Amino acid sequence: MVDIVILGTIGLDDIETPFGKVKEALGGSGTYAAYASSFFAKPGIVSIAGEDLPKRHIDVLKKRNISMDGIEIKGRNFRWGGFYEFDMNEAKTLKTELNSLADFDPELPADYKKAKYVFLGNVDPTIQLKVLGQIEKPELIVMDTMNFWISSRKEELIKAIKKVDVLVLNDSEARQLFGTVNLVNAADMALDLGPKAVIIKKGEHGALLFFREDGKRKHFSAPGYPLEVVKDPTGCGDSFGGGFIGHLAKTKNLSEANMRKAVIYGSVIASFNAEDFSLERQKKLTWGEIERRFHELREIREF
Ligand code: AMP
């Protein structure tokens with residue numbers, strides 16, 4: 001039985017940052033989110049991979065407590081290429097090859113349909129809706145997206161947002177989706193669509209959690225962790241999402257106080273992820289390190 005269904009890509013990434021470059025590295029929104037959530041609970045990935053996905057990449061996921069039963073193997077793998085300039089807050093996309101993802105029509109394994117926690121990671125919103133339609137009684141649906149789908153599938157994306165509990169997106173995506181430079185306005189517009197909470201990630205500057213109580217907007221602000229080493233921020237958004245839903249699935253508590261903690265756990269995993277390329281840092285990450293950074297984040301914002 002899986003605790004969390006994680007939809008997303010399994011990608012082959014070509015990435016260049018001011019600190020190095022990698023080719024055909026393991027990436028993808030599903031990979032990062034599932035790996036991050038596996039520190040907390042048992043995820044099952046829903047994705048499509050290509051026949052060209054190297055076995056060593058599949059082994060990275062197999063070594064974790066991650067169910068692979070929802071992965072279909074067909075055709076050529078999803079490939080993404082991007083680079084970061086000195087300000088590494090935003091990835092510049094060089095290529096997006098959907099390949100087998102273009103006609104992915106997911107059919108969930110029977111036990112996935114019974115999952116209570118669902119993370120609709122960054123893919124075509126049509127696929128996000130297809131997965132959501134197969135979950136029998138979800139208790140918490142968290143959804144992520146990115147500029148590519150905001151530009152190409154806005155109508156479907158809005159349809160999907162109306163069905164989720166928590167929408168996660170970064171600051172530039174929030175501005176793009178809601179046509180405003182003001183993040184508070186963007187959060188209000190997102191909450192008007194139906195989600196109970198909206199999280200706006202601000203890269204190295206932390207994240208904002210917006211929700212409403214008795215009709216009034218409230219928010220929680222999580223600091224960014226002051227990292228000494230940042231090599232590659234790819235996958236930080238997905239890792240944030242995985243850590244966030246992972247903590248909620250582990251504790252089965254959707255109170256506001258626990259959501260705040262989940263935002264901090266998400267930030268902690270995302271901060272570690274930026275310390276190296278691909279999944280390299282997360283592969284070495286221990287629970288003790290996660291807890292230490294969680295407590296440090298509590299200390300640095302106390303006044
Ligand atoms: P993040 O840095 O968390 O926003 O996500 C980076 C990951 O998203 C990379 O590993 C890519 O393989 C994957 N990715 C890039 N573009 C897309 C897209 N259009 N749809 C789904 N996944 C994507």
# chains A, B, ... in the order shown; residues from 1 in each chain; ligands from 1
call {"tool": "residues_around", "arguments": {"residues": "A:Leu7", "least_positions_apart": "3", "cutoff": "7 Å", "atoms": "only C-alpha atoms", "output": "PyMOL selection string"}}
result
chain A and resi 30+45-47+119-121
call {"tool": "write_last_selection", "arguments": {"atoms": "C-alpha atoms", "output": "PDB file, in the first residue's frame"}}
result
ATOM      1  CA  GLY A  30       8.133  12.922 -10.258  1.00  0.00           C
ATOM      2  CA  ILE A  45       5.253   7.214  -8.685  1.00  0.00           C
ATOM      3  CA  VAL A  46       2.895   7.577 -11.636  1.00  0.00           C
ATOM      4  CA  SER A  47       4.954   8.354 -14.715  1.00  0.00           C
ATOM      5  CA  PHE A 119       0.828  15.025  -5.258  1.00  0.00           C
ATOM      6  CA  LEU A 120       0.009  16.125  -8.791  1.00  0.00           C
ATOM      7  CA  GLY A 121       3.525  17.116  -9.803  1.00  0.00           C
TER       8      GLY A 121
END
call {"tool": "residues_around", "arguments": {"residues": "A:Lys252", "least_positions_apart": "5", "cutoff": "12 Å", "atoms": "only C-alpha atoms", "output": "NGL selection string"}}
result
:A and (3-4 or 40-41 or 116-117 or 139-140 or 245-247 or 258-259 or 262)
call {"tool": "write_last_selection", "arguments": {"atoms": "N, CA and C atoms", "output": "PDB file, in the first residue's frame"}}
result
ATOM      1  N   ASP A   3       1.480   5.341   0.577  1.00  0.00           N
ATOM      2  CA  ASP A   3       0.901   6.426   1.372  1.00  0.00           C
ATOM      3  C   ASP A   3       0.559   7.628   0.495  1.00  0.00           C
ATOM      4  N   ILE A   4       1.429   7.871  -0.497  1.00  0.00           N
ATOM      5  CA  ILE A   4       1.261   9.065  -1.334  1.00  0.00           C
ATOM      6  C   ILE A   4       1.392   8.672  -2.802  1.00  0.00           C
ATOM      7  N   PHE A  40       9.828  10.497   4.480  1.00  0.00           N
ATOM      8  CA  PHE A  40       8.743  10.621   5.444  1.00  0.00           C
ATOM      9  C   PHE A  40       7.732   9.467   5.375  1.00  0.00           C
ATOM     10  N   ALA A  41       7.446   8.973   4.162  1.00  0.00           N
ATOM     11  CA  ALA A  41       6.369   8.001   3.981  1.00  0.00           C
ATOM     12  C   ALA A  41       6.651   7.212   2.692  1.00  0.00           C
ATOM     13  N   LYS A 116      -4.592   8.190   0.154  1.00  0.00           N
ATOM     14  CA  LYS A 116      -5.267   9.359   0.729  1.00  0.00           C
ATOM     15  C   LYS A 116      -4.545  10.657   0.374  1.00  0.00           C
ATOM     16  N   TYR A 117      -3.257  10.549   0.076  1.00  0.00           N
ATOM     17  CA  TYR A 117      -2.451  11.757  -0.198  1.00  0.00           C
ATOM     18  C   TYR A 117      -1.982  11.715  -1.647  1.00  0.00           C
ATOM     19  N   GLU A 139      -7.715  12.519   0.654  1.00  0.00           N
ATOM     20  CA  GLU A 139      -7.889  13.438   1.799  1.00  0.00           C
ATOM     21  C   GLU A 139      -7.143  14.738   1.585  1.00  0.00           C
ATOM     22  N   LEU A 140      -6.046  14.662   0.816  1.00  0.00           N
ATOM     23  CA  LEU A 140      -5.284  15.881   0.544  1.00  0.00           C
ATOM     24  C   LEU A 140      -4.685  15.798  -0.861  1.00  0.00           C
ATOM     25  N   ILE A 245       4.312  17.303   1.334  1.00  0.00           N
ATOM     26  CA  ILE A 245       3.245  16.286   1.432  1.00  0.00           C
ATOM     27  C   ILE A 245       3.733  15.080   2.229  1.00  0.00           C
ATOM     28  N   GLY A 246       5.038  14.830   2.187  1.00  0.00           N
ATOM     29  CA  GLY A 246       5.594  13.701   2.942  1.00  0.00           C
ATOM     30  C   GLY A 246       5.326  13.867   4.430  1.00  0.00           C
ATOM     31  N   HIS A 247       5.608  15.052   4.953  1.00  0.00           N
ATOM     32  CA  HIS A 247       5.393  15.285   6.385  1.00  0.00           C
ATOM     33  C   HIS A 247       3.901  15.159   6.734  1.00  0.00           C
ATOM     34  N   ASN A 258       0.441  22.232  11.686  1.00  0.00           N
ATOM     35  CA  ASN A 258       1.208  21.163  11.048  1.00  0.00           C
ATOM     36  C   ASN A 258       1.551  21.491   9.588  1.00  0.00           C
ATOM     37  N   MET A 259       0.674  22.256   8.933  1.00  0.00           N
ATOM     38  CA  MET A 259       0.974  22.717   7.562  1.00  0.00           C
ATOM     39  C   MET A 259       2.218  23.601   7.578  1.00  0.00           C
ATOM     40  N   ALA A 262       5.098  21.452   7.764  1.00  0.00           N
ATOM     41  CA  ALA A 262       5.309  20.790   6.461  1.00  0.00           C
ATOM     42  C   ALA A 262       6.032  21.723   5.494  1.00  0.00           C
TER      43      ALA A 262
END
call {"tool": "residues_around", "arguments": {"residues": "A:Gly27", "least_positions_apart": "2", "cutoff": "8 Å", "atoms": "only C-alpha atoms", "output": "JSON, numbers by chain"}}
result
{"A": [9, 10, 11, 12, 13, 25, 29, 31, 32, 235, 278, 279]}
call {"tool": "select_by_dssp", "arguments": {"residues": "stretch 73-274 of chain A", "states": "strand (DSSP E or B)", "output": "VMD selection string"}}
result
chain A and resid 73 79 to 83 92 to 97 117 to 120 140 to 144 166 to 170 197 to 201 207 to 213 216 to 222
call {"tool": "closest_residue", "arguments": {"among": "A:Ser239, A:Thr17, A:Thr180, A:Ser67", "to": "ligand 1", "atoms": "only C-alpha atoms and all ligand atoms"}}
result
A:Ser239
call {"tool": "closest_residue", "arguments": {"among": "A:Leu183, A:Ile158, A:Val268, A:Ile141", "to": "A:Ala115", "atoms": "only C-alpha atoms"}}
result
A:Ile141
call {"tool": "atom_distance", "arguments": {"atom1": "atom CA of A:Lys55", "atom2": "atom CA of A:Leu132"}}
result
29.2 Å
call {"tool": "atom_distance", "arguments": {"atom1": "atom CA of A:Asp111", "atom2": "atom CA of A:Thr286"}}
result
28.6 Å
call {"tool": "closest_residue", "arguments": {"among": "A:Ser271, A:Asn182, A:Ser37, A:Asn147", "to": "ligand 1", "atoms": "only C-alpha atoms and all ligand atoms"}}
result
A:Asn147
call {"tool": "atom_distance", "arguments": {"atom1": "atom CA of A:Ala186", "atom2": "atom CA of A:Trp149"}}
result
17.3 Å
call {"tool": "residues_around", "arguments": {"residues": "stretch 208-224 of chain A", "least_positions_apart": "2", "cutoff": "8 Å", "atoms": "only C-alpha atoms", "output": "list in words"}}
result
Ala187, Asp188, Leu191, Lys196, Ala197, Val198, Ile199, Ile200, Lys201, Lys202, Gly203, Glu204, His205, Gly206, Pro226, Arg260, Val263, Ile264, Ser267, Ser271, Leu297 and Arg301 of chain A
call {"tool": "write_last_selection", "arguments": {"atoms": "N, CA, C and O atoms", "output": "short mmCIF file (atom, residue, chain, number, x, y, z; two decimals), in the first residue's frame"}}
result
data_model
loop_
_atom_site.label_atom_id
_atom_site.label_comp_id
_atom_site.auth_asym_id
_atom_site.auth_seq_id
_atom_site.Cartn_x
_atom_site.Cartn_y
_atom_site.Cartn_z
N ALA A 187 -2.10 35.30 -4.76
CA ALA A 187 -2.56 34.29 -3.79
C ALA A 187 -4.08 34.40 -3.61
O ALA A 187 -4.78 33.38 -3.57
N ASP A 188 -4.59 35.63 -3.54
CA ASP A 188 -6.05 35.82 -3.41
C ASP A 188 -6.78 35.21 -4.60
O ASP A 188 -7.81 34.55 -4.46
N LEU A 191 -6.77 31.46 -4.30
CA LEU A 191 -7.71 30.97 -3.27
C LEU A 191 -9.16 31.11 -3.76
O LEU A 191 -10.01 30.28 -3.43
N LYS A 196 -7.69 25.35 -0.56
CA LYS A 196 -7.74 25.85 0.82
C LYS A 196 -6.46 26.60 1.15
O LYS A 196 -6.42 27.42 2.06
N ALA A 197 -5.39 26.27 0.44
CA ALA A 197 -4.11 26.94 0.70
C ALA A 197 -3.32 27.08 -0.59
O ALA A 197 -3.49 26.29 -1.53
N VAL A 198 -2.49 28.11 -0.62
CA VAL A 198 -1.61 28.33 -1.77
C VAL A 198 -0.21 28.57 -1.22
O VAL A 198 -0.04 29.35 -0.27
N ILE A 199 0.76 27.90 -1.81
CA ILE A 199 2.14 28.12 -1.38
C ILE A 199 2.89 28.75 -2.53
O ILE A 199 2.92 28.20 -3.64
N ILE A 200 3.48 29.92 -2.27
CA ILE A 200 4.29 30.56 -3.29
C ILE A 200 5.76 30.45 -2.87
O ILE A 200 6.17 30.97 -1.82
N LYS A 201 6.52 29.70 -3.69
CA LYS A 201 7.94 29.48 -3.38
C LYS A 201 8.74 30.63 -3.97
O LYS A 201 8.46 31.08 -5.08
N LYS A 202 9.73 31.08 -3.20
CA LYS A 202 10.53 32.20 -3.67
C LYS A 202 12.00 31.82 -3.79
O LYS A 202 12.89 32.60 -3.39
N GLY A 203 12.26 30.63 -4.27
CA GLY A 203 13.64 30.18 -4.46
C GLY A 203 14.42 30.27 -3.16
O GLY A 203 13.94 29.87 -2.11
N GLU A 204 15.62 30.86 -3.24
CA GLU A 204 16.47 30.92 -2.05
C GLU A 204 15.89 31.81 -0.96
O GLU A 204 16.37 31.82 0.18
N HIS A 205 14.81 32.59 -1.29
CA HIS A 205 14.26 33.50 -0.29
C HIS A 205 13.10 32.90 0.51
O HIS A 205 12.39 33.62 1.20
N GLY A 206 12.89 31.61 0.40
CA GLY A 206 11.88 30.98 1.25
C GLY A 206 10.55 30.75 0.55
O GLY A 206 10.47 30.67 -0.68
N PRO A 226 20.11 29.77 4.75
CA PRO A 226 21.31 30.39 4.17
C PRO A 226 22.39 29.36 3.82
O PRO A 226 23.21 29.00 4.65
N ARG A 260 2.32 24.43 8.62
CA ARG A 260 3.50 25.30 8.74
C ARG A 260 4.76 24.43 8.86
O ARG A 260 5.78 24.71 8.23
N VAL A 263 5.70 23.03 5.57
CA VAL A 263 6.39 24.00 4.70
C VAL A 263 7.88 24.03 5.07
O VAL A 263 8.76 24.09 4.20
N ILE A 264 8.17 23.96 6.37
CA ILE A 264 9.58 23.98 6.79
C ILE A 264 10.30 22.69 6.35
O ILE A 264 11.41 22.74 5.83
N SER A 267 11.06 23.03 2.78
CA SER A 267 12.19 23.94 2.56
C SER A 267 13.52 23.27 2.90
O SER A 267 14.53 23.49 2.23
N SER A 271 16.48 22.73 0.29
CA SER A 271 17.79 23.37 0.50
C SER A 271 18.91 22.35 0.33
O SER A 271 19.93 22.64 -0.30
N LEU A 297 16.21 26.27 11.28
CA LEU A 297 15.27 27.21 10.65
C LEU A 297 14.35 27.83 11.70
O LEU A 297 13.97 28.99 11.60
N ARG A 301 14.55 32.29 12.83
CA ARG A 301 13.45 33.26 12.66
C ARG A 301 12.81 33.65 13.99
O ARG A 301 11.77 34.27 14.01
#
call {"tool": "residues_around", "arguments": {"residues": "A:Glu136", "least_positions_apart": "3", "cutoff": "8 Å", "atoms": "only C-alpha atoms", "output": "ChimeraX atom specification"}}
result
/A:113-115,133
call {"tool": "write_last_selection", "arguments": {"atoms": "N, CA, C and O atoms", "output": "mmCIF file, in the first residue's frame"}}
result
data_model
loop_
_atom_site.group_PDB
_atom_site.id
_atom_site.type_symbol
_atom_site.label_atom_id
_atom_site.label_comp_id
_atom_site.auth_asym_id
_atom_site.auth_seq_id
_atom_site.Cartn_x
_atom_site.Cartn_y
_atom_site.Cartn_z
ATOM 1 N N LYS A 113 -5.089 3.717 -6.182
ATOM 2 C CA LYS A 113 -6.401 4.378 -6.220
ATOM 3 C C LYS A 113 -6.950 4.621 -4.828
ATOM 4 O O LYS A 113 -7.818 5.446 -4.613
ATOM 5 N N LYS A 114 -6.426 3.860 -3.856
ATOM 6 C CA LYS A 114 -6.922 3.982 -2.469
ATOM 7 C C LYS A 114 -6.099 4.961 -1.636
ATOM 8 O O LYS A 114 -6.388 5.168 -0.459
ATOM 9 N N ALA A 115 -5.077 5.547 -2.236
ATOM 10 C CA ALA A 115 -4.209 6.451 -1.477
ATOM 11 C C ALA A 115 -4.994 7.672 -1.000
ATOM 12 O O ALA A 115 -5.941 8.121 -1.654
ATOM 13 N N GLY A 133 -8.871 11.789 -11.223
ATOM 14 C CA GLY A 133 -10.148 11.116 -11.448
ATOM 15 C C GLY A 133 -10.146 9.658 -11.016
ATOM 16 O O GLY A 133 -11.202 9.061 -10.827
#
call {"tool": "closest_residue", "arguments": {"among": "A:Leu177, A:Val2, A:Leu98, A:Val184", "to": "ligand 1", "atoms": "only C-alpha atoms and all ligand atoms"}}
result
A:Leu98
call {"tool": "decode", "arguments": {"residues": "stretch 12-40 of chain A", "atoms": "N, CA and C atoms", "output": "short mmCIF file (atom, residue, chain, number, x, y, z; two decimals), in the first residue's frame"}}
result
data_model
loop_
_atom_site.label_atom_id
_atom_site.label_comp_id
_atom_site.auth_asym_id
_atom_site.auth_seq_id
_atom_site.Cartn_x
_atom_site.Cartn_y
_atom_site.Cartn_z
N LEU A 12 15.42 13.04 -18.21
CA LEU A 12 16.86 13.02 -18.49
C LEU A 12 17.23 14.48 -18.73
N ASP A 13 17.98 15.04 -17.79
CA ASP A 13 18.25 16.47 -17.78
C ASP A 13 19.67 16.81 -18.23
N ASP A 14 19.78 17.82 -19.10
CA ASP A 14 21.09 18.43 -19.41
C ASP A 14 21.09 19.78 -18.72
N ILE A 15 22.00 19.98 -17.78
CA ILE A 15 21.96 21.20 -16.97
C ILE A 15 23.32 21.86 -16.88
N GLU A 16 23.30 23.18 -16.98
CA GLU A 16 24.53 23.93 -16.77
C GLU A 16 24.28 25.03 -15.75
N THR A 17 25.12 25.10 -14.73
CA THR A 17 25.05 26.18 -13.74
C THR A 17 26.45 26.79 -13.68
N PRO A 18 26.62 27.93 -12.99
CA PRO A 18 27.97 28.51 -12.91
C PRO A 18 28.96 27.55 -12.23
N PHE A 19 28.47 26.45 -11.64
CA PHE A 19 29.35 25.56 -10.88
C PHE A 19 29.55 24.19 -11.51
N GLY A 20 29.09 24.02 -12.76
CA GLY A 20 29.33 22.75 -13.43
C GLY A 20 28.22 22.42 -14.40
N LYS A 21 28.38 21.28 -15.07
CA LYS A 21 27.29 20.84 -15.95
C LYS A 21 27.18 19.33 -15.98
N VAL A 22 25.97 18.85 -16.26
CA VAL A 22 25.73 17.41 -16.36
C VAL A 22 24.89 17.14 -17.61
N LYS A 23 25.04 15.92 -18.14
CA LYS A 23 24.25 15.51 -19.30
C LYS A 23 23.50 14.24 -18.96
N GLU A 24 22.28 14.15 -19.43
CA GLU A 24 21.42 12.98 -19.20
C GLU A 24 21.40 12.57 -17.73
N ALA A 25 21.33 13.56 -16.86
CA ALA A 25 21.26 13.28 -15.42
C ALA A 25 19.83 12.89 -15.06
N LEU A 26 19.70 12.12 -14.00
CA LEU A 26 18.36 11.76 -13.54
C LEU A 26 17.66 13.00 -12.98
N GLY A 27 16.47 13.27 -13.49
CA GLY A 27 15.70 14.41 -13.01
C GLY A 27 14.23 14.14 -13.21
N GLY A 28 13.46 15.22 -13.29
CA GLY A 28 12.02 15.07 -13.50
C GLY A 28 11.25 15.41 -12.23
N SER A 29 10.07 15.98 -12.43
CA SER A 29 9.27 16.41 -11.28
C SER A 29 8.85 15.23 -10.41
N GLY A 30 8.55 14.10 -11.03
CA GLY A 30 8.13 12.92 -10.26
C GLY A 30 9.30 12.34 -9.47
N THR A 31 10.46 12.30 -10.10
CA THR A 31 11.65 11.75 -9.44
C THR A 31 11.97 12.54 -8.17
N TYR A 32 12.10 13.87 -8.32
CA TYR A 32 12.48 14.69 -7.17
C TYR A 32 11.42 14.64 -6.07
N ALA A 33 10.15 14.75 -6.46
CA ALA A 33 9.08 14.79 -5.44
C ALA A 33 9.00 13.45 -4.71
N ALA A 34 9.11 12.34 -5.46
CA ALA A 34 9.01 11.03 -4.82
C ALA A 34 10.20 10.78 -3.91
N TYR A 35 11.39 11.13 -4.39
CA TYR A 35 12.58 10.89 -3.57
C TYR A 35 12.48 11.69 -2.26
N ALA A 36 12.11 12.96 -2.39
CA ALA A 36 12.01 13.82 -1.20
C ALA A 36 10.95 13.29 -0.23
N SER A 37 9.82 12.83 -0.75
CA SER A 37 8.75 12.38 0.14
C SER A 37 9.09 11.05 0.80
N SER A 38 10.02 10.30 0.20
CA SER A 38 10.34 8.98 0.74
C SER A 38 11.12 9.07 2.06
N PHE A 39 11.57 10.26 2.46
CA PHE A 39 12.17 10.42 3.78
C PHE A 39 11.10 10.36 4.87
N PHE A 40 9.83 10.50 4.48
CA PHE A 40 8.74 10.62 5.44
C PHE A 40 7.73 9.47 5.38
#
